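Asker: Input file: model-v8.cif. Contents: mmCIF, C-alpha atoms.
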```
data_target
#
loop_
_atom_site.label_atom_id
_atom_site.label_comp_id
_atom_site.auth_asym_id
_atom_site.auth_seq_id
_atom_site.Cartn_x
_atom_site.Cartn_y
_atom_site.Cartn_z
CA MET A 20 5.99 53.12 72.72
CA ASN A 21 3.12 54.78 74.53
CA LYS A 22 -0.01 56.60 73.37
CA GLY A 23 0.60 55.63 69.76
CA VAL A 24 4.12 57.13 69.53
CA LEU A 25 7.35 55.13 69.28
CA VAL A 26 10.42 56.86 70.74
CA ILE A 27 13.84 55.67 69.58
CA GLY A 28 17.10 56.80 71.16
CA THR A 29 20.36 56.59 69.21
CA PRO A 30 24.00 57.23 70.18
CA TYR A 31 24.48 59.67 67.28
CA SER A 32 21.58 62.03 67.97
CA ASP A 33 20.99 64.48 70.82
CA VAL A 34 17.21 64.26 70.28
CA ASP A 35 15.21 61.03 70.29
CA PHE A 36 13.26 60.08 67.18
CA ARG A 37 9.46 60.11 67.53
CA ILE A 38 7.48 58.02 65.04
CA SER A 39 3.78 57.24 64.86
CA TRP A 40 3.16 53.58 65.74
CA ASP A 41 0.81 53.35 62.74
CA GLY A 42 3.72 54.41 60.53
CA ILE A 43 5.96 51.49 61.55
CA LYS A 44 6.15 48.86 58.81
CA ARG A 45 8.20 46.20 60.59
CA ILE A 46 10.22 45.94 63.79
CA ILE A 47 13.01 43.52 64.72
CA SER A 48 14.76 43.71 68.08
CA ARG A 49 16.70 41.47 70.43
CA SER A 50 15.95 43.61 73.48
CA ASN A 51 13.63 42.43 76.24
CA TYR A 52 10.36 44.38 76.40
CA LEU A 53 7.49 44.87 78.79
CA ILE A 54 4.48 44.76 76.46
CA THR A 55 0.84 45.63 77.18
CA SER A 56 -1.93 44.65 74.77
CA SER A 57 -5.36 46.24 74.34
CA ASP A 58 -7.10 43.47 76.34
CA GLY A 59 -4.91 44.13 79.39
CA SER A 60 -2.39 41.30 78.95
CA ARG A 61 1.11 42.14 80.19
CA ILE A 62 3.90 40.17 78.51
CA ASN A 63 7.68 40.15 78.91
CA GLY A 64 9.74 39.05 75.93
CA GLU A 65 11.47 39.76 72.62
CA LEU A 66 9.68 41.33 69.66
CA ARG A 67 9.81 40.57 65.94
CA SER A 68 7.53 41.31 62.99
CA ILE A 69 6.18 38.36 60.98
CA ASN A 70 4.61 40.63 58.38
CA ASP A 71 3.33 44.22 58.17
CA SER A 72 0.45 43.60 60.60
CA ILE A 73 1.47 40.72 62.93
CA LEU A 74 4.15 40.79 65.64
CA ARG A 75 5.64 37.75 67.31
CA ILE A 76 6.63 37.93 71.00
CA GLU A 77 9.16 35.33 72.14
CA ILE A 78 8.90 34.33 75.79
CA HIS A 79 11.41 32.03 77.47
CA ASP A 80 9.42 31.56 80.70
CA SER A 81 6.26 29.48 80.25
CA LYS A 82 4.91 30.62 83.62
CA LYS A 83 4.45 34.13 82.26
CA VAL A 84 2.29 32.87 79.37
CA SER A 85 -0.01 30.90 81.65
CA LYS A 86 -1.32 34.17 83.07
CA TYR A 87 -2.91 35.01 79.71
CA PRO A 88 -5.12 32.00 78.85
CA LYS A 89 -7.03 33.83 76.10
CA LYS A 90 -3.86 34.32 74.07
CA LYS A 91 -2.92 31.49 71.75
CA ALA A 92 0.53 30.44 72.90
CA LYS A 93 2.57 28.34 70.49
CA ILE A 94 5.42 26.06 71.56
CA GLU A 95 8.38 25.60 69.21
CA ASP A 96 10.44 23.50 71.60
CA GLN A 97 10.53 22.76 75.31
CA GLN A 98 12.18 26.06 76.17
CA GLU A 99 10.67 28.63 73.80
CA ILE A 100 7.10 29.87 73.74
CA PHE A 101 5.77 32.70 71.62
CA LEU A 102 2.59 34.72 71.10
CA GLU A 103 1.35 36.39 67.96
CA LEU A 104 -0.46 39.75 68.18
CA LEU A 105 -1.72 42.26 65.69
CA LYS A 106 0.39 45.41 65.71
CA SER A 107 -2.75 47.42 66.53
CA GLU A 108 -3.27 45.32 69.69
CA ILE A 109 -0.02 46.55 71.28
CA VAL A 110 -0.62 49.74 73.29
CA TYR A 111 2.55 49.93 75.41
CA LEU A 112 6.13 48.88 74.73
CA ASN A 113 9.13 49.52 76.97
CA SER A 114 12.64 48.13 76.58
CA ILE A 115 13.78 46.80 79.96
CA ASP A 116 16.02 44.22 81.54
CA ASP A 117 16.02 42.55 84.94
CA GLY A 118 18.07 45.35 86.51
CA PHE A 119 16.52 47.77 88.98
CA TRP A 120 17.65 50.99 87.27
CA SER A 121 16.19 50.13 83.85
CA ARG A 122 12.70 50.07 85.41
CA LEU A 123 13.05 53.35 87.31
CA LYS A 124 11.93 56.75 86.03
CA LEU A 125 12.54 60.17 87.59
CA ASN A 126 11.16 63.58 86.51
CA ILE A 127 11.71 67.00 88.09
CA ASP A 128 10.22 70.29 86.79
CA LEU A 129 10.92 73.70 88.31
CA GLY A 130 9.14 76.94 87.43
CA PHE A 131 9.33 80.61 88.34
CA ASN A 132 7.01 83.46 87.27
CA LEU A 133 7.68 87.13 87.94
CA THR A 134 5.30 90.02 87.15
CA ARG A 135 6.19 93.61 87.87
CA ALA A 136 2.60 94.59 88.65
CA ASN A 137 1.92 94.06 92.37
CA ASN A 138 5.38 92.46 92.65
CA PHE A 139 3.90 89.03 91.81
CA ARG A 140 6.17 85.98 92.26
CA GLN A 141 5.23 82.34 91.82
CA TYR A 142 7.34 79.23 92.37
CA THR A 143 6.36 75.74 91.21
CA LEU A 144 7.86 72.30 91.69
CA ASN A 145 6.67 69.06 90.11
CA SER A 146 8.56 65.85 90.80
CA MET A 147 7.85 62.18 90.23
CA ILE A 148 9.62 58.86 90.73
CA ALA A 149 8.13 55.64 89.35
CA TYR A 150 9.02 51.96 89.17
CA GLN A 151 7.60 49.57 86.57
CA ALA A 152 7.49 45.84 87.34
CA ASP A 153 5.98 43.06 85.22
CA ARG A 154 2.66 42.88 87.09
CA TRP A 155 2.61 46.08 89.15
CA ASP A 156 3.84 49.65 89.23
CA ALA A 157 4.43 52.22 91.95
CA LYS A 158 4.74 55.98 91.78
CA MET A 159 5.48 58.82 94.18
CA TYR A 160 5.12 62.47 93.31
CA TYR A 161 5.38 65.83 95.02
CA LYS A 162 3.93 69.13 93.78
CA ASP A 163 4.40 72.52 95.38
CA LEU A 164 3.10 75.98 94.45
CA SER A 165 3.85 79.24 96.29
CA SER A 166 2.55 82.66 95.20
CA TYR A 167 3.35 86.08 96.67
CA GLN A 168 2.18 89.56 95.75
CA ASP A 169 1.72 92.91 97.47
CA LYS A 170 -1.36 93.55 99.64
CA THR A 171 -2.52 89.91 99.63
CA ASN A 172 -1.79 86.89 101.77
CA PRO A 173 0.65 84.32 100.35
CA ILE A 174 -0.87 81.26 98.67
CA LYS A 175 0.78 77.94 99.32
CA ARG A 176 -0.30 74.53 98.05
CA SER A 177 1.64 71.31 98.62
CA PHE A 178 0.63 67.84 97.47
CA PHE A 179 2.30 64.46 98.01
CA GLY A 180 0.97 61.27 96.47
CA ALA A 181 1.95 57.61 96.47
CA ASN A 182 0.20 55.17 94.11
CA TYR A 183 0.38 51.40 93.81
CA ASN A 184 -1.35 49.44 91.05
CA TYR A 185 -1.45 45.65 90.71
CA PHE A 186 -2.64 44.57 87.28
CA LEU A 187 -5.22 41.80 86.93
CA PRO A 188 -6.62 40.01 83.85
CA LYS A 189 -9.20 41.69 81.57
CA ASP A 190 -7.69 45.16 82.06
CA LEU A 191 -8.65 45.26 85.75
CA TYR A 192 -6.26 46.51 88.41
CA PHE A 193 -6.15 46.85 92.18
CA LEU A 194 -5.18 50.30 93.43
CA TYR A 195 -4.00 51.96 96.60
CA GLN A 196 -3.37 55.70 96.85
CA LEU A 197 -2.03 57.80 99.73
CA ASN A 198 -2.54 61.54 99.22
CA LEU A 199 -1.38 64.39 101.48
CA LEU A 200 -2.64 67.91 100.76
CA SER A 201 -1.94 71.29 102.34
CA ASN A 202 -3.72 74.36 100.92
CA THR A 203 -3.89 77.83 102.47
CA GLU A 204 -6.79 78.91 100.19
CA GLN A 205 -8.99 76.11 101.55
CA LEU A 206 -7.64 76.58 105.09
CA ILE A 207 -6.39 72.97 105.02
CA ASP A 208 -3.36 72.38 107.21
CA LEU A 209 -3.32 68.73 106.20
CA ARG A 210 -5.74 66.38 104.46
CA THR A 211 -4.78 62.70 104.36
CA SER A 212 -6.59 60.35 102.02
CA ASN A 213 -6.18 56.55 102.02
CA MET A 214 -7.89 55.16 98.94
CA ILE A 215 -8.34 51.44 98.18
CA GLY A 216 -10.30 50.15 95.22
CA LEU A 217 -10.45 48.64 91.76
CA GLY A 218 -9.94 50.13 88.33
CA LYS A 219 -11.01 49.01 84.87
CA TYR A 220 -10.02 50.16 81.39
CA LEU A 221 -13.15 50.21 79.24
CA LEU A 222 -11.14 51.32 76.20
CA HIS A 223 -7.36 50.90 75.89
CA THR A 224 -6.05 51.66 72.40
CA ASN A 225 -3.37 53.67 70.60
CA LYS A 226 -5.83 56.53 70.17
CA LEU A 227 -7.55 56.87 73.56
CA ASN A 228 -7.92 55.46 77.06
CA LEU A 229 -11.18 55.38 79.02
CA GLY A 230 -11.15 54.03 82.56
CA LEU A 231 -13.23 53.81 85.72
CA ILE A 232 -12.16 53.47 89.36
CA ALA A 233 -14.23 52.85 92.50
CA GLY A 234 -13.59 52.03 96.14
CA GLY A 235 -13.41 53.43 99.64
CA ASN A 236 -11.43 56.23 101.28
CA LEU A 237 -10.48 57.11 104.85
CA ASN A 238 -10.28 60.90 104.99
CA ILE A 239 -8.48 62.72 107.84
CA GLU A 240 -8.56 66.53 107.86
CA ASN A 241 -6.99 69.23 109.98
CA PHE A 242 -8.26 72.78 109.20
CA SER A 243 -6.45 75.92 110.34
CA ASN A 244 -9.73 77.43 111.67
CA LYS A 245 -10.63 74.34 113.76
CA GLU A 246 -8.88 72.87 116.73
CA SER A 247 -10.04 69.27 116.33
CA VAL A 248 -9.06 66.75 113.68
CA SER A 249 -11.96 65.26 111.71
CA LYS A 250 -12.13 61.72 110.35
CA SER A 251 -14.66 60.45 107.84
CA GLY A 252 -15.30 57.45 105.64
CA GLU A 253 -16.04 58.03 101.98
CA ALA A 254 -16.78 56.07 98.86
CA PHE A 255 -15.21 57.22 95.62
CA LEU A 256 -16.11 56.82 91.98
CA GLY A 257 -14.06 58.27 89.15
CA ALA A 258 -13.56 58.31 85.41
CA THR A 259 -10.56 59.21 83.25
CA TYR A 260 -10.65 60.00 79.55
CA ASP A 261 -7.33 60.45 77.75
CA ILE A 262 -7.32 61.13 74.01
CA PHE A 263 -4.00 61.56 72.19
CA ASP A 264 -4.76 61.20 68.49
CA ILE A 265 -5.44 64.88 67.82
CA ASP A 266 -2.47 66.02 65.74
CA GLU A 267 0.18 66.78 68.41
CA LEU A 268 -2.15 67.38 71.37
CA ASP A 269 -2.84 65.20 74.39
CA LEU A 270 -6.13 65.85 76.25
CA LEU A 271 -6.64 64.35 79.70
CA THR A 272 -9.87 64.75 81.65
CA SER A 273 -10.64 63.12 84.98
CA VAL A 274 -13.39 63.51 87.57
CA LEU A 275 -13.48 61.94 91.01
CA ALA A 276 -16.53 62.00 93.29
CA PHE A 277 -16.39 61.40 97.08
CA PRO A 278 -19.82 60.85 98.68
CA SER A 279 -19.38 60.71 102.45
CA LEU A 280 -20.53 57.58 104.28
CA THR A 281 -20.23 59.05 107.79
CA GLU A 282 -21.10 62.74 107.38
CA LYS A 283 -24.60 63.65 106.26
CA GLU A 284 -24.95 65.70 103.06
CA ARG A 285 -21.22 65.96 102.40
CA PHE A 286 -20.08 65.41 98.81
CA ARG A 287 -16.63 66.29 97.41
CA THR A 288 -15.45 66.31 93.80
CA ASP A 289 -12.06 66.66 92.14
CA PHE A 290 -11.97 67.64 88.47
CA LYS A 291 -8.88 67.89 86.27
CA PHE A 292 -8.39 68.95 82.68
CA ASP A 293 -4.91 68.92 81.13
CA ILE A 294 -3.91 69.79 77.60
CA ARG A 295 -0.35 69.14 76.45
CA SER A 296 1.50 69.62 73.20
CA LEU A 297 3.46 66.48 72.31
#
```
Mind converting the file's structure to structure tokens?

Answerer:
Amino acid sequence: MNKGVLVIGTPYSDVDFRISWDGIKRIISRSNYLITSSDGSRINGELRSINDSILRIEIHDSKKVSKYPKKKAKIEDQQEIFLELLKSEIVYLNSIDDGFWSRLKLNIDLGFNLTRANNFRQYTLNSMIAYQADRWDAKMYYKDLSSYQDKTNPIKRSFFGANYNYFLPKDLYFLYQLNLLSNTEQLIDLRTSNMIGLGKYLLHTNKLNLGLIAGGNLNIENFSNKESVSKSGEAFLGATYDIFDIDELDLLTSVLAFPSLTEKERFRTDFKFDIRSL
């Protein structure tokens, strides 16, 4: 379950069932889940409804509960510990086990556009591989766009990113991002960004997410119209707003500002707006 939608796979259906989390009356399962609550707690255990509004999470490792002191842990015997949460407090739910492959996710999208006018051709590639652990996650992705048409220069844009997040209490997380960008329109042969900082979810619910990130960045750039490689230190401050309770639409907006610390009067911004039909 993510963004307020529960996805259920069955052996008798080619298409997974998608159900609104608000529409679930009760849930009983013996599977092991990675569970995230609205206050940022990350819990690993079994899930069972007590009534229509309260869920019980059974945890067999007391060390995992000690990381969430604000949660009221109850002990039934010396081996079993459980937490009780409101159903509305659970914002992420993923069935996993201790195996490596159950925590791995891989996506690949390919695209091709052809227009007869000006003999326009465009190729796109979006790929992502991610791993989800109990207290951290890591992701690598590669995006490529190439456009060709008569009487104009080809446009090529390639982007590689690697992200690592380590989750802390109170919906805080440590982040590291390595980004590599090549863009013929901006005359960038290669821009390398090394970003280290902290992030915080101000709102984390089944209707929307609002987060802030801040930190420092080492920026290395090689432009096609310059012989030398430039290095600069930057701060960064960003915000992300993701709202997904608008019928079947998901709106994601993010802005990232890079004020330079070593180059006078330089200020970069990255802005993204995505709309997706669920």

Asker: Have a look at atom CA of A:Leu125 and atom CA of A:Lys158 and let me know their distance in Å, one decimal.

Answerer: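 Straight-line distance from atom CA of A:Leu125 to atom CA of A:Lys158 works out to 9.8 Å.
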
Asker: Give as a list of chain:residue names the residues that the PyMOL selection byres ((chain A and resi 155) around 10) matches when applied to the coordinates above.

Answerer: A:Arg61, A:Tyr150, A:Gln151, A:Ala152, A:Asp153, A:Arg154, A:Asp156, A:Ala157, A:Tyr183, A:Asn184, A:Tyr185, A:Phe186, A:Leu187, A:Tyr192, A:Phe193, A:Leu194

Asker: Pick the closest to A:Arg75 from A:Glu108, A:Asp128, A:Asp261, A:Asp289: which is it, counting all atoms listed in the file?

Answerer: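 Between A:Glu108, A:Asp128, A:Asp261, A:Asp289, the residue approaching A:Arg75 most closely is A:Glu108.
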
Asker: With distances taken over only C-alpha atoms, which of A:Met159, A:Leu66, A:Leu270, A:Leu275 is nearest to A:Gly257?

Answerer: A:Leu275

Asker: Can you translate the PyMOL selection byres ((chain A and resi 138) around 10) into the concrete residues it hits in this file, as a PyMOL selection string?

Answerer: chain A and resi 133-137+139-140+167-170

Asker: So that I can check the surroundings of stretch 142-146 of chain A, please list as a JSON list (two decimals) with C-alpha atoms, keeping the file's coordinate frame every protein, DNA and RNA residue that reaches within 10 Å of it, counting all atoms listed in the file and ignoring chain neighbours fewer than 5 positions away.

Answerer:
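Saved to out-v2.json:
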```json
[["chain", "number", "residue", "atom", "x", "y", "z"],
["A", 125, "LEU", "CA", 12.54, 60.17, 87.59],
["A", 126, "ASN", "CA", 11.16, 63.58, 86.51],
["A", 127, "ILE", "CA", 11.71, 67.00, 88.09],
["A", 128, "ASP", "CA", 10.22, 70.29, 86.79],
["A", 129, "LEU", "CA", 10.92, 73.70, 88.31],
["A", 130, "GLY", "CA", 9.14, 76.94, 87.43],
["A", 131, "PHE", "CA", 9.33, 80.61, 88.34],
["A", 132, "ASN", "CA", 7.01, 83.46, 87.27],
["A", 133, "LEU", "CA", 7.68, 87.13, 87.94],
["A", 159, "MET", "CA", 5.48, 58.82, 94.18],
["A", 160, "TYR", "CA", 5.12, 62.47, 93.31],
["A", 161, "TYR", "CA", 5.38, 65.83, 95.02],
["A", 162, "LYS", "CA", 3.93, 69.13, 93.78],
["A", 163, "ASP", "CA", 4.40, 72.52, 95.38],
["A", 164, "LEU", "CA", 3.10, 75.98, 94.45],
["A", 165, "SER", "CA", 3.85, 79.24, 96.29],
["A", 166, "SER", "CA", 2.55, 82.66, 95.20],
["A", 167, "TYR", "CA", 3.35, 86.08, 96.67],
["A", 175, "LYS", "CA", 0.78, 77.94, 99.32],
["A", 176, "ARG", "CA", -0.30, 74.53, 98.05],
["A", 177, "SER", "CA", 1.64, 71.31, 98.62],
["A", 178, "PHE", "CA", 0.63, 67.84, 97.47],
["A", 179, "PHE", "CA", 2.30, 64.46, 98.01]]
```

Asker: Select, from A:Ala254, A:Ile73, A:Ala181, A:Ile47, the residue with the minimum atom-to-atom distance to A:Lys106, counting only C-alpha atoms.

Answerer: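 Using only C-alpha atoms, the shortest distance to A:Lys106 belongs to A:Ile73.
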
Asker: Please provide as a PDB file with C-alpha atoms, keeping the file's coordinate frame all residues within 10 Å of A:Met214, with the sequence filter that same-chain residues fewer than 5 positions apart are discarded (counting all atoms listed in the file).

Answerer:
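Saved result, around00.pdb, follows:
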```
ATOM      1  CA  ASN A 182       0.200  55.170  94.110  1.00  0.00           C
ATOM      2  CA  LEU A 194      -5.180  50.300  93.430  1.00  0.00           C
ATOM      3  CA  TYR A 195      -4.000  51.960  96.600  1.00  0.00           C
ATOM      4  CA  GLN A 196      -3.370  55.700  96.850  1.00  0.00           C
ATOM      5  CA  LEU A 197      -2.030  57.800  99.730  1.00  0.00           C
ATOM      6  CA  ASN A 198      -2.540  61.540  99.220  1.00  0.00           C
ATOM      7  CA  ALA A 233     -14.230  52.850  92.500  1.00  0.00           C
ATOM      8  CA  GLY A 234     -13.590  52.030  96.140  1.00  0.00           C
ATOM      9  CA  GLY A 235     -13.410  53.430  99.640  1.00  0.00           C
ATOM     10  CA  ASN A 236     -11.430  56.230 101.280  1.00  0.00           C
ATOM     11  CA  LEU A 237     -10.480  57.110 104.850  1.00  0.00           C
ATOM     12  CA  ASN A 238     -10.280  60.900 104.990  1.00  0.00           C
ATOM     13  CA  GLU A 253     -16.040  58.030 101.980  1.00  0.00           C
ATOM     14  CA  ALA A 254     -16.780  56.070  98.860  1.00  0.00           C
ATOM     15  CA  PHE A 255     -15.210  57.220  95.620  1.00  0.00           C
TER      16      PHE A 255
END
```

Asker: I'd like the contact shell of A:Gly59 - 9 Å cut-off, all atoms listed in the file, skipping same-chain residues fewer than 6 positions apart - returned as a PDB file with C-alpha atoms, in the coordinates of the input.

Answerer:
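Result file follows (out_7.pdb):
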```pdb
ATOM      1  CA  PHE A 186      -2.640  44.570  87.280  1.00  0.00           C
ATOM      2  CA  LEU A 187      -5.220  41.800  86.930  1.00  0.00           C
ATOM      3  CA  PRO A 188      -6.620  40.010  83.850  1.00  0.00           C
ATOM      4  CA  LYS A 189      -9.200  41.690  81.570  1.00  0.00           C
ATOM      5  CA  ASP A 190      -7.690  45.160  82.060  1.00  0.00           C
ATOM      6  CA  LEU A 191      -8.650  45.260  85.750  1.00  0.00           C
ATOM      7  CA  TYR A 220     -10.020  50.160  81.390  1.00  0.00           C
ATOM      8  CA  HIS A 223      -7.360  50.900  75.890  1.00  0.00           C
TER       9      HIS A 223
END
```

Asker: Can you tell me how far atom CA of A:Phe101 sits from atom CA of A:Asp71, in Å to one decimal?

Answerer: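 Separating atom CA of A:Phe101 from atom CA of A:Asp71 is a distance of 17.9 Å.
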
Asker: If we count all atoms listed in the file and set the cut-off at 12 Å, which residues sit around stretch 24-40 of chain A, ignoring sequence neighbours fewer than 2 positions away in its own chain? Please answer as an MDAnalysis selection string.

Answerer: chainID A and resid 20:22 42:46 72 106:114 224:226 263:264 266:267 269 297

Asker: Take atom CA of A:Arg210 and atom CA of A:Ile148 and report the distance between them in Å, one decimal.

Answerer: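 Straight-line distance from atom CA of A:Arg210 to atom CA of A:Ile148 works out to 21.9 Å.
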
Asker: Compare A:Thr288, A:Thr281, A:Ser50, A:Ser201 by their minimum atom-to-atom distance to A:Glu240, counting all atoms listed in the file, and give me the closest one.

Answerer: A:Ser201

Asker: Write out as a ChimeraX atom specification the residues lying within 10 Å of A:Val248, counting only C-alpha atoms and excluding same-chain residues fewer than 2 positions away.

Answerer: /A:209-210,239-242,245-246,250

Asker: Given all atoms listed in the file as the basis, pick out the residue of A:Ser57, A:Ile207, A:Asp41, A:Leu102 nearest to A:Ile69.

Answerer: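 With all atoms listed in the file as the atom set, the closest residue is A:Leu102.
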
Asker: Can you report as JSON the centre and edge lengths in Å, to one decimal, of an axis-aligned box around the listed atoms of stretch 237-249 of chain A padded with 4 Å on each side?

Answerer:
```
{"center_x": -9.2, "center_y": 67.3, "center_z": 110.8, "size_x": 13.5, "size_y": 28.3, "size_z": 19.9}
```

Asker: Just say which residues the PyMOL selection byres ((chain A and resi 272) around 8) picks in this file, as an NGL selection string.

Answerer: :A and (259-261 or 270-271 or 273-274 or 290-293)
